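File shown: input-v4.cif (mmCIF, C-alpha atoms and all ligand atoms).
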```
data_model
#
loop_
_atom_site.label_atom_id
_atom_site.label_comp_id
_atom_site.auth_asym_id
_atom_site.auth_seq_id
_atom_site.Cartn_x
_atom_site.Cartn_y
_atom_site.Cartn_z
CA PRO A 9 45.49 -28.32 20.83
CA THR A 10 48.43 -27.64 23.10
CA LEU A 11 51.26 -29.40 21.28
CA SER A 12 54.74 -28.84 22.69
CA ALA A 13 57.19 -26.87 20.53
CA ASP A 14 59.08 -30.10 19.77
CA ASP A 15 55.90 -31.86 18.65
CA GLN A 16 54.89 -28.86 16.52
CA ARG A 17 58.25 -29.10 14.71
CA LEU A 18 57.83 -32.87 14.27
CA LEU A 19 54.32 -32.32 12.90
CA ALA A 20 55.60 -29.78 10.34
CA ARG A 21 58.43 -32.12 9.26
CA ARG A 22 55.95 -34.98 9.00
CA GLN A 23 53.57 -32.99 6.82
CA SER A 24 56.45 -31.94 4.57
CA ALA A 25 58.07 -35.39 4.30
CA LEU A 26 54.98 -37.64 4.22
CA GLY A 27 52.50 -35.42 2.39
CA PRO A 28 48.74 -35.24 2.82
CA SER A 29 47.84 -38.94 2.56
CA TYR A 30 49.17 -39.70 6.06
CA ARG A 31 46.50 -38.79 8.57
CA LEU A 32 46.77 -38.49 12.33
CA PHE A 33 44.25 -39.33 15.01
CA TYR A 34 42.83 -36.65 17.33
CA ASP A 35 42.64 -32.84 17.31
CA GLU A 36 45.77 -32.92 19.42
CA PRO A 37 47.94 -35.67 17.92
CA LEU A 38 49.30 -38.27 20.32
CA HIS A 39 53.04 -38.95 20.44
CA PRO A 40 53.58 -42.24 22.26
CA VAL A 41 57.16 -43.37 22.83
CA ARG A 42 56.60 -46.64 24.69
CA GLY A 43 53.96 -49.31 25.11
CA GLU A 44 53.35 -51.97 27.74
CA GLY A 45 50.38 -54.33 27.87
CA VAL A 46 47.24 -52.20 27.42
CA TRP A 47 49.09 -48.92 28.06
CA LEU A 48 50.85 -46.38 25.87
CA PHE A 49 53.19 -43.76 27.36
CA ASP A 50 54.14 -40.36 25.92
CA ALA A 51 57.52 -38.63 26.30
CA ASP A 52 56.40 -36.98 29.56
CA GLY A 53 55.57 -40.38 31.03
CA ARG A 54 51.80 -39.79 30.87
CA ARG A 55 49.99 -43.07 30.33
CA TYR A 56 47.03 -43.75 28.05
CA LEU A 57 44.71 -46.72 28.27
CA ASP A 58 44.72 -48.31 24.82
CA ALA A 59 41.14 -49.39 24.09
CA TYR A 60 41.63 -49.14 20.32
CA ASN A 61 44.57 -51.14 18.97
CA ASN A 62 43.80 -54.69 17.89
CA VAL A 63 47.19 -55.36 16.30
CA PRO A 64 49.13 -55.73 19.61
CA VAL A 65 46.64 -58.48 20.45
CA VAL A 66 48.71 -59.97 23.30
CA GLY A 67 49.76 -56.55 24.58
CA HIS A 68 52.21 -53.84 23.59
CA ALA A 69 55.86 -54.92 23.84
CA ASN A 70 54.88 -58.47 24.76
CA ALA A 71 58.04 -60.00 26.27
CA ALA A 72 57.50 -63.56 25.00
CA VAL A 73 56.82 -62.41 21.44
CA ASN A 74 59.87 -60.12 21.51
CA ALA A 75 62.03 -62.95 22.85
CA ALA A 76 60.90 -65.26 20.02
CA LEU A 77 61.62 -62.55 17.45
CA ILE A 78 65.11 -61.85 18.81
CA ALA A 79 66.05 -65.51 19.22
CA GLN A 80 65.04 -66.46 15.67
CA SER A 81 66.61 -63.28 14.19
CA GLN A 82 69.91 -64.20 15.79
CA LEU A 83 69.75 -67.70 14.33
CA LEU A 84 68.35 -67.43 10.82
CA ASN A 85 65.90 -65.43 8.78
CA THR A 86 65.14 -66.72 5.33
CA HIS A 87 62.27 -67.35 2.93
CA THR A 88 60.08 -70.38 2.35
CA ARG A 89 62.19 -72.05 -0.37
CA TYR A 90 64.31 -73.97 2.11
CA LEU A 91 63.15 -76.72 4.40
CA HIS A 92 62.51 -75.30 7.85
CA ASP A 93 60.35 -76.32 10.80
CA ASN A 94 58.90 -72.91 11.61
CA VAL A 95 56.66 -72.30 8.61
CA VAL A 96 55.43 -75.91 8.63
CA GLN A 97 54.67 -75.86 12.34
CA LEU A 98 52.82 -72.57 12.00
CA ALA A 99 50.69 -73.94 9.15
CA GLU A 100 49.92 -77.06 11.21
CA ARG A 101 48.94 -74.99 14.21
CA LEU A 102 46.63 -72.82 12.12
CA ARG A 103 45.08 -75.89 10.54
CA ALA A 104 44.23 -77.18 14.04
CA LEU A 105 42.23 -74.00 14.66
CA PHE A 106 39.92 -74.51 11.67
CA PRO A 107 37.34 -77.01 10.45
CA VAL A 108 39.13 -79.93 8.74
CA GLU A 109 38.35 -78.77 5.21
CA LEU A 110 40.44 -75.62 5.71
CA ASP A 111 43.77 -77.36 5.66
CA THR A 112 46.20 -75.35 3.54
CA SER A 113 47.98 -72.12 4.50
CA VAL A 114 49.70 -69.54 2.31
CA PHE A 115 51.66 -66.82 4.13
CA THR A 116 51.83 -63.17 3.17
CA CYS A 117 52.95 -59.98 4.90
CA THR A 118 49.66 -58.07 4.97
CA GLY A 119 45.94 -58.69 5.08
CA SER A 120 45.72 -57.01 1.69
CA GLU A 121 48.04 -59.55 0.11
CA ALA A 122 46.04 -62.38 1.66
CA ASN A 123 42.76 -60.95 0.31
CA ASP A 124 44.31 -60.23 -3.08
CA LEU A 125 45.44 -63.86 -3.37
CA ALA A 126 42.00 -65.08 -2.24
CA LEU A 127 40.40 -63.11 -5.08
CA ARG A 128 42.88 -64.57 -7.57
CA VAL A 129 42.15 -68.10 -6.35
CA ALA A 130 38.39 -67.49 -6.56
CA GLN A 131 38.73 -66.22 -10.13
CA GLU A 132 40.89 -69.15 -11.20
CA PHE A 133 38.60 -71.69 -9.54
CA THR A 134 35.30 -70.34 -10.81
CA GLY A 135 36.46 -68.85 -14.11
CA ARG A 136 34.48 -65.72 -13.16
CA ARG A 137 35.34 -62.37 -11.67
CA GLY A 138 32.18 -60.85 -10.16
CA LEU A 139 32.38 -59.94 -6.47
CA ILE A 140 29.82 -59.24 -3.77
CA ILE A 141 30.82 -57.09 -0.78
CA THR A 142 29.11 -54.88 1.80
CA ARG A 143 28.33 -51.20 1.29
CA HIS A 144 31.08 -49.65 3.44
CA ALA A 145 33.55 -52.53 3.46
CA TYR A 146 37.30 -52.18 3.61
CA HIS A 147 39.44 -55.05 2.36
CA GLY A 148 42.86 -53.60 1.56
CA VAL A 149 45.25 -51.51 -0.45
CA THR A 150 45.99 -53.31 -3.74
CA MET A 151 44.26 -52.16 -6.92
CA ALA A 152 41.98 -55.22 -6.91
CA LEU A 153 41.00 -54.53 -3.28
CA ALA A 154 40.60 -50.78 -3.67
CA GLN A 155 37.96 -51.69 -6.26
CA CYS A 156 36.06 -53.57 -3.56
CA SER A 157 36.69 -51.23 -0.60
CA PRO A 158 33.90 -48.68 -1.00
CA SER A 159 34.71 -47.07 2.36
CA LEU A 160 37.74 -45.57 0.57
CA CYS A 161 37.17 -45.84 -3.19
CA PRO A 162 34.19 -46.22 -5.57
CA PRO A 163 33.55 -49.91 -6.41
CA ALA A 164 34.39 -51.26 -9.89
CA ASP A 165 31.84 -52.59 -12.42
CA HIS A 166 32.39 -56.24 -11.54
CA VAL A 167 31.60 -55.47 -7.88
CA GLU A 168 28.10 -55.49 -6.43
CA VAL A 169 27.51 -53.86 -3.07
CA ILE A 170 24.92 -55.00 -0.49
CA ASP A 171 23.87 -53.67 2.93
CA PRO A 172 25.45 -55.45 5.90
CA PRO A 173 23.15 -57.76 7.86
CA ALA A 174 20.99 -56.20 10.58
CA PHE A 175 21.14 -57.98 13.93
CA GLN A 176 19.57 -55.59 16.40
CA GLY A 177 15.93 -56.04 17.21
CA VAL A 178 15.59 -58.58 14.40
CA ASP A 179 14.98 -62.30 14.68
CA ALA A 180 18.16 -64.15 13.57
CA GLN A 181 16.30 -66.32 11.05
CA ALA A 182 14.62 -63.29 9.50
CA ALA A 183 17.93 -61.44 9.32
CA ALA A 184 19.55 -64.46 7.69
CA ALA A 185 16.75 -64.78 5.13
CA ALA A 186 16.99 -61.07 4.29
CA PHE A 187 20.76 -61.29 3.83
CA ASP A 188 20.42 -64.43 1.71
CA GLN A 189 18.05 -62.51 -0.55
CA ARG A 190 20.49 -59.58 -0.85
CA VAL A 191 23.29 -61.93 -1.89
CA ASP A 192 20.98 -63.57 -4.42
CA GLU A 193 19.88 -60.26 -5.94
CA ALA A 194 23.49 -59.06 -6.15
CA ALA A 195 24.44 -62.30 -7.95
CA SER A 196 21.64 -61.69 -10.46
CA ALA A 197 22.79 -58.11 -11.02
CA LEU A 198 26.34 -59.30 -11.68
CA GLU A 199 25.09 -61.95 -14.08
CA ALA A 200 23.04 -59.36 -15.94
CA ARG A 201 26.20 -57.25 -16.37
CA GLY A 202 28.08 -60.24 -17.82
CA THR A 203 30.36 -60.74 -14.80
CA PRO A 204 28.87 -63.63 -12.79
CA VAL A 205 29.88 -63.95 -9.16
CA SER A 206 33.23 -65.53 -8.24
CA ALA A 207 33.02 -64.76 -4.53
CA LEU A 208 31.24 -63.15 -1.64
CA LEU A 209 33.91 -61.39 0.43
CA LEU A 210 32.81 -60.39 3.94
CA ASP A 211 34.58 -58.81 6.89
CA THR A 212 33.16 -61.12 9.56
CA VAL A 213 32.74 -58.27 12.08
CA PHE A 214 31.66 -55.70 9.47
CA ALA A 215 34.07 -53.23 11.07
CA SER A 216 33.87 -50.34 8.63
CA ASP A 217 30.14 -50.90 8.11
CA GLY A 218 29.83 -49.85 11.77
CA VAL A 219 30.62 -53.09 13.72
CA HIS A 220 27.96 -55.81 13.32
CA ILE A 221 28.91 -59.04 15.06
CA ASN A 222 27.40 -62.34 16.10
CA ALA A 223 26.87 -63.24 12.53
CA ALA A 224 27.04 -67.05 12.52
CA PRO A 225 23.51 -67.86 11.23
CA ILE A 226 23.72 -64.99 8.78
CA LEU A 227 27.10 -65.98 7.41
CA GLN A 228 25.83 -69.54 7.05
CA ALA A 229 22.93 -68.28 4.95
CA ALA A 230 25.24 -66.00 2.96
CA ALA A 231 27.64 -68.85 2.19
CA GLN A 232 24.76 -71.03 1.00
CA ALA A 233 23.40 -68.21 -1.13
CA VAL A 234 26.64 -67.47 -2.94
CA ARG A 235 27.41 -71.16 -3.50
CA ARG A 236 23.96 -71.65 -4.99
CA ARG A 237 24.96 -69.01 -7.54
CA GLY A 238 28.32 -70.69 -8.28
CA GLY A 239 30.56 -68.45 -6.18
CA LEU A 240 32.81 -68.99 -3.15
CA PHE A 241 32.58 -67.55 0.34
CA ILE A 242 35.68 -65.73 1.62
CA ALA A 243 35.73 -64.80 5.32
CA ASP A 244 37.98 -61.78 5.90
CA GLU A 245 39.08 -62.33 9.53
CA VAL A 246 41.69 -59.56 9.47
CA GLN A 247 39.61 -57.70 12.08
CA GLY A 248 37.63 -60.51 13.65
CA GLY A 249 40.25 -63.24 13.99
CA PHE A 250 42.51 -64.42 16.83
CA CYS A 251 39.94 -64.50 19.67
CA ARG A 252 38.73 -60.90 19.33
CA THR A 253 35.09 -61.94 19.69
CA GLY A 254 35.69 -64.60 22.33
CA ARG A 255 35.87 -67.25 19.59
CA TRP A 256 39.03 -68.02 17.65
CA TRP A 257 37.32 -66.86 14.47
CA ALA A 258 34.38 -64.51 14.19
CA PHE A 259 32.70 -66.52 11.43
CA GLY A 260 31.68 -69.23 13.92
CA ARG A 261 33.34 -72.47 12.91
CA GLU A 262 30.48 -74.60 14.24
CA SER A 263 27.96 -73.28 11.76
CA VAL A 264 29.78 -72.36 8.57
CA VAL A 265 32.94 -73.46 6.76
CA PRO A 266 34.16 -70.66 4.49
CA ASP A 267 35.97 -71.66 1.29
CA MET A 268 38.82 -69.34 2.23
CA VAL A 269 39.76 -67.35 5.33
CA THR A 270 42.14 -64.41 5.38
CA MET A 271 43.87 -63.06 8.47
CA GLY A 272 46.52 -60.52 9.38
CA LYS A 273 46.69 -57.54 11.74
CA PRO A 274 47.01 -59.29 15.16
CA MET A 275 48.74 -62.35 13.77
CA GLY A 276 52.26 -61.05 14.54
CA ASN A 277 51.35 -58.62 17.38
CA GLY A 278 52.71 -55.82 15.14
CA HIS A 279 55.19 -57.84 13.09
CA PRO A 280 53.95 -58.03 9.47
CA ILE A 281 52.62 -61.53 8.93
CA ALA A 282 49.28 -62.53 7.41
CA ALA A 283 47.79 -65.62 5.80
CA LEU A 284 45.24 -67.19 3.54
CA VAL A 285 43.87 -70.49 4.85
CA LEU A 286 41.87 -72.43 2.28
CA LYS A 287 40.57 -75.75 1.08
CA THR A 288 43.26 -77.78 -0.70
CA PRO A 289 41.29 -78.34 -3.96
CA LEU A 290 41.14 -74.57 -4.49
CA MET A 291 44.92 -74.24 -4.26
CA GLU A 292 45.31 -77.25 -6.55
CA VAL A 293 43.27 -75.59 -9.26
CA PHE A 294 45.11 -72.28 -8.74
CA GLY A 295 48.43 -74.14 -9.00
CA LYS A 296 47.59 -75.53 -12.45
CA ARG A 297 48.05 -72.12 -14.06
CA CYS A 298 49.62 -69.87 -11.42
CA ARG A 299 52.32 -69.89 -8.81
CA TYR A 300 52.67 -67.83 -5.68
CA PHE A 301 55.86 -66.82 -3.91
CA ASN A 302 55.96 -64.01 -1.36
CA THR A 303 59.53 -62.97 -0.51
CA PHE A 304 58.93 -62.09 3.13
CA GLY A 305 55.69 -64.01 3.71
CA GLY A 306 56.15 -66.84 6.21
CA ASN A 307 59.88 -66.15 6.67
CA THR A 308 61.62 -67.94 9.54
CA VAL A 309 61.34 -64.98 11.93
CA SER A 310 57.74 -64.09 11.04
CA ALA A 311 56.68 -67.70 11.58
CA ALA A 312 58.43 -67.78 14.99
CA VAL A 313 56.67 -64.55 15.96
CA ALA A 314 53.24 -65.81 14.86
CA MET A 315 53.73 -69.00 16.87
CA ALA A 316 54.70 -66.97 19.94
CA VAL A 317 51.45 -65.00 19.51
CA LEU A 318 49.49 -68.28 19.37
CA ASP A 319 51.35 -69.46 22.51
CA GLU A 320 50.43 -66.26 24.33
CA LEU A 321 46.77 -66.47 23.28
CA GLU A 322 46.69 -70.06 24.54
CA ARG A 323 48.55 -69.17 27.75
CA ILE A 324 45.97 -66.55 28.75
CA ASP A 325 43.12 -68.78 27.46
CA ALA A 326 42.14 -65.84 25.26
CA PRO A 327 38.66 -67.05 24.20
CA ALA A 328 37.51 -67.48 27.83
CA HIS A 329 39.26 -64.29 28.97
CA VAL A 330 37.68 -62.27 26.16
CA ARG A 331 34.21 -63.66 26.90
CA ARG A 332 34.56 -62.82 30.61
CA VAL A 333 35.96 -59.29 30.23
CA GLY A 334 33.77 -58.68 27.17
CA CYS A 335 30.66 -59.52 29.17
CA HIS A 336 31.72 -57.04 31.87
CA LEU A 337 32.41 -54.35 29.26
CA GLN A 338 29.06 -55.00 27.58
CA GLN A 339 27.24 -54.54 30.91
CA ALA A 340 29.15 -51.31 31.59
CA LEU A 341 28.26 -49.98 28.13
CA GLN A 342 24.62 -51.01 28.51
CA SER A 343 24.38 -49.22 31.82
CA LEU A 344 25.81 -46.09 30.15
CA ALA A 345 23.22 -46.43 27.38
CA ALA A 346 20.49 -46.47 30.04
CA GLN A 347 21.76 -43.14 31.36
CA HIS A 348 22.70 -41.33 28.14
CA SER A 349 20.07 -40.83 25.47
CA ALA A 350 22.91 -39.82 23.10
CA ILE A 351 23.79 -43.53 22.85
CA THR A 352 21.45 -44.93 20.20
CA GLN A 353 22.77 -48.49 19.86
CA ILE A 354 25.45 -50.80 21.21
CA ARG A 355 26.75 -53.55 18.94
CA GLY A 356 29.52 -56.05 19.33
CA GLU A 357 30.85 -59.13 21.02
CA GLY A 358 33.85 -60.06 23.16
CA LEU A 359 36.33 -57.19 23.00
CA TYR A 360 35.02 -55.51 19.86
CA TRP A 361 32.29 -52.93 20.45
CA GLY A 362 30.60 -50.26 18.43
CA VAL A 363 28.73 -47.63 20.46
CA GLN A 364 26.56 -45.64 18.12
CA LEU A 365 25.89 -42.03 19.11
CA GLU A 366 23.41 -39.45 17.85
CA SER A 367 25.87 -37.89 15.40
CA GLY A 368 29.34 -38.11 13.92
CA SER A 369 30.27 -34.74 15.43
CA LEU A 370 29.37 -35.95 18.93
CA ALA A 371 31.36 -39.17 18.38
CA SER A 372 34.38 -37.15 17.29
CA ALA A 373 34.06 -34.80 20.30
CA VAL A 374 33.83 -37.79 22.65
CA VAL A 375 36.88 -39.48 21.10
CA ASN A 376 38.92 -36.27 21.50
CA HIS A 377 37.65 -35.75 25.04
CA LEU A 378 38.70 -39.29 25.96
CA ARG A 379 42.13 -38.77 24.44
CA GLN A 380 42.62 -35.75 26.73
CA ALA A 381 41.40 -37.89 29.63
CA GLY A 382 43.98 -40.59 28.79
CA VAL A 383 41.79 -43.18 27.08
CA LEU A 384 42.25 -44.09 23.42
CA ILE A 385 39.42 -45.16 21.11
CA SER A 386 38.27 -44.12 17.62
CA THR A 387 35.17 -44.02 15.44
CA SER A 388 33.70 -46.23 12.72
CA GLY A 389 30.64 -46.57 10.54
CA PRO A 390 29.40 -44.86 7.38
CA LEU A 391 28.61 -41.65 9.29
CA GLY A 392 31.53 -41.85 11.72
CA ASP A 393 28.95 -41.83 14.51
CA THR A 394 29.98 -45.13 16.12
CA LEU A 395 32.65 -45.30 18.82
CA LYS A 396 35.04 -48.13 18.02
CA ILE A 397 36.33 -50.03 21.07
CA ARG A 398 38.83 -52.77 20.34
CA PRO A 399 41.59 -53.06 22.98
CA PRO A 400 44.58 -55.40 23.17
CA LEU A 401 43.23 -58.64 24.66
CA PRO A 402 45.08 -58.44 28.02
CA PHE A 403 42.39 -55.84 28.83
CA GLU A 404 40.92 -56.60 32.28
CA THR A 405 37.63 -55.72 33.95
CA GLU A 406 39.37 -52.87 35.82
CA HIS A 407 40.36 -51.40 32.43
CA ALA A 408 36.79 -51.78 31.20
CA ASP A 409 35.60 -49.85 34.28
CA LEU A 410 38.17 -47.13 33.65
CA LEU A 411 37.02 -46.84 30.04
CA ALA A 412 33.33 -46.78 30.99
CA GLY A 413 33.94 -44.13 33.69
CA ALA A 414 35.83 -41.91 31.25
CA LEU A 415 33.14 -42.41 28.60
CA ASP A 416 30.43 -41.49 31.09
CA GLU A 417 32.32 -38.30 31.95
CA ALA A 418 32.94 -37.47 28.26
CA LEU A 419 29.25 -37.94 27.40
CA ARG A 420 28.21 -35.70 30.33
CA ALA A 421 30.67 -33.03 29.20
CA ARG A 422 29.79 -33.16 25.50
CA ALA A 423 26.15 -34.18 25.18
N1 LIG A 501 40.59 -56.54 5.68
C1 LIG A 501 40.09 -55.85 6.72
C2 LIG A 501 38.74 -56.19 7.26
C3 LIG A 501 40.86 -54.82 7.29
O1 LIG A 501 40.38 -54.14 8.34
C4 LIG A 501 42.14 -54.53 6.77
C5 LIG A 501 43.02 -53.45 7.35
N2 LIG A 501 42.38 -52.39 7.95
C6 LIG A 501 42.59 -55.27 5.67
C7 LIG A 501 41.79 -56.28 5.17
C8 LIG A 501 43.91 -55.00 5.04
O2 LIG A 501 44.97 -55.40 5.85
P1 LIG A 501 46.40 -54.74 5.69
O3 LIG A 501 46.32 -53.31 6.11
O4 LIG A 501 47.27 -55.58 6.59
O5 LIG A 501 46.80 -54.88 4.27
#
```

Would you mind giving the structure from this file in structure tokens?
Amino acid sequence: PTLSADDQRLLARRQSALGPSYRLFYDEPLHPVRGEGVWLFDADGRRYLDAYNNVPVVGHANAAVNAALIAQSQLLNTHTRYLHDNVVQLAERLRALFPVELDTSVFTCTGSEANDLALRVAQEFTGRRGLIITRHAYHGVTMALAQCSPSLCPPADHVEVIDPPAFQGVDAQAAAAAFDQRVDEAASALEARGTPVSALLLDTVFASDGVHINAAPILQAAAQAVRRRGGLFIADEVQGGFCRTGRWWAFGRESVVPDMVTMGKPMGNGHPIAALVLKTPLMEVFGKRCRYFNTFGGNTVSAAVAMAVLDELERIDAPAHVRRVGCHLQQALQSLAAQHSAITQIRGEGLYWGVQLESGSLASAVVNHLRQAGVLISTSGPLGDTLKIRPPLPFETEHADLLAGALDEALRARA
């Protein structure tokens, strides 16, 4: 690492003030000072292609989103206990993006809060607390979610863990049947422990399980399986939502209607807004015994920002754009796989790709090599052996070529 003297001082101050729980990416930490579209710039004006950050979904420093934020901030920013158009309009626009049954929105500030509320609703509705999740899932930071985020914390007793579905080289029907069986066995295990299942909670792109997408028939089977056992199906779209896969929602709204959907990260392009969208009868049952008020969730400014993000996604016709550029990226990655035996599998859809390599140490070396070459990605998966590629959606085919060229070079240098 060749950090400047200034950055070395900042690093020391950071370690002293923030302590050990704040981690940095890369052997040589990156210090961006400005972002624009799919690019980040450091203090020396060097630019980095951002092929990693999904939160700035419509691009870093998006002018239309910033304008909406400033305009609403100058007018009014208050909570949801007054009548105001913004929060209502946002809820109506979200509703239009879902199957009709998913017609109620509750706004929060983070994906964690949305998931936490979904678990509370599931418990109230079913009168049970058992949970089924995948082996290396991540669902958030609250105590309830830490207990069902085995990628960071051991799962609690009322949580049963199953392997994520396998898609590669497996017939979709067979994969769906296998996953159905896993859900069923997990429900039996929970019942045997005296905590029957309240919900199956799945990250619809299985990001921290190593990126497994194109799940529609499998999620359909999973939803049927958990409902058969008296539980609800919660689709965590915090990673997969807002056109990332080339569909508005990764769960595939043609084939399965989740009982609840949570979303966050890209929803405000970096501004903290998230939501739970659910079927009205669930919220009615929840409302009999509990109330929910989130001070900042759905405030006037956040709602304006989220609507500007929806406008931008519509303006660029994000689903079609993502399918087109995603297809190009997929071909580029597949041609790399044909040349590099170190690539063992490519998984993904749209603009979310996992490129599995022979080992975690190689993946880490490649990520650091790319950072030095001016391209930003990271790793994922239980062994950290999968390159995680997940750029802001204004990513174009020329950016995909740049990424693929740099990856080719990195693999040649490191393999
Ligand atoms: N669910 C998934 C699938 C996530 O990836 C994350 C964040 N990494 C969360 C939930 C939690 O969201 P937040 O950090 O906004 O609380």

message: Show me which residues are within 10 Å of ligand LIG 501 (chain A) counting all atoms listed in the file, and format the list as a PyMOL selection string.
response: chain A and resi 63+116-124+145-150+153+157+209-216+243-249+270-275+280-282

- request: Quick one: pull the distance between CA of Asn70 in chain A and CA of Ile324 in chain A, Å, one decimal.
  value: 12.7 Å

task: Would you please work out which residue, of A:Gln155, A:Ser12, A:Thr387, A:Asn74, is nearest to Leu38 in chain A when using all atoms listed in the file?
output: A:Ser12

Interatomic distance (Å, one decimal) between CA of Gly239 in chain A and CA of Thr112 in chain A: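 Those two atoms sit 19.7 Å apart.
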
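Residue neighbourhood of Asn302 in chain A, excluding near-sequence residues (fewer than 3 positions): His87, Thr88, Val114, Phe115, Thr116, Cys117, Glu121, Gly305, Gly306 and Asn307 of chain A, at 10 Å, using all atoms listed in the file.
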
- prompt: Mind listing as a list of chain:residue names all residues within 12 Å of (67.6, -63.7, 16.5), counting only C-alpha atoms?
  reply: A:Val73, A:Asn74, A:Ala75, A:Ala76, A:Leu77, A:Ile78, A:Ala79, A:Gln80, A:Ser81, A:Gln82, A:Leu83, A:Leu84, A:Asn85, A:Thr86, A:Thr308, A:Val309, A:Ser310, A:Ala312, A:Val313
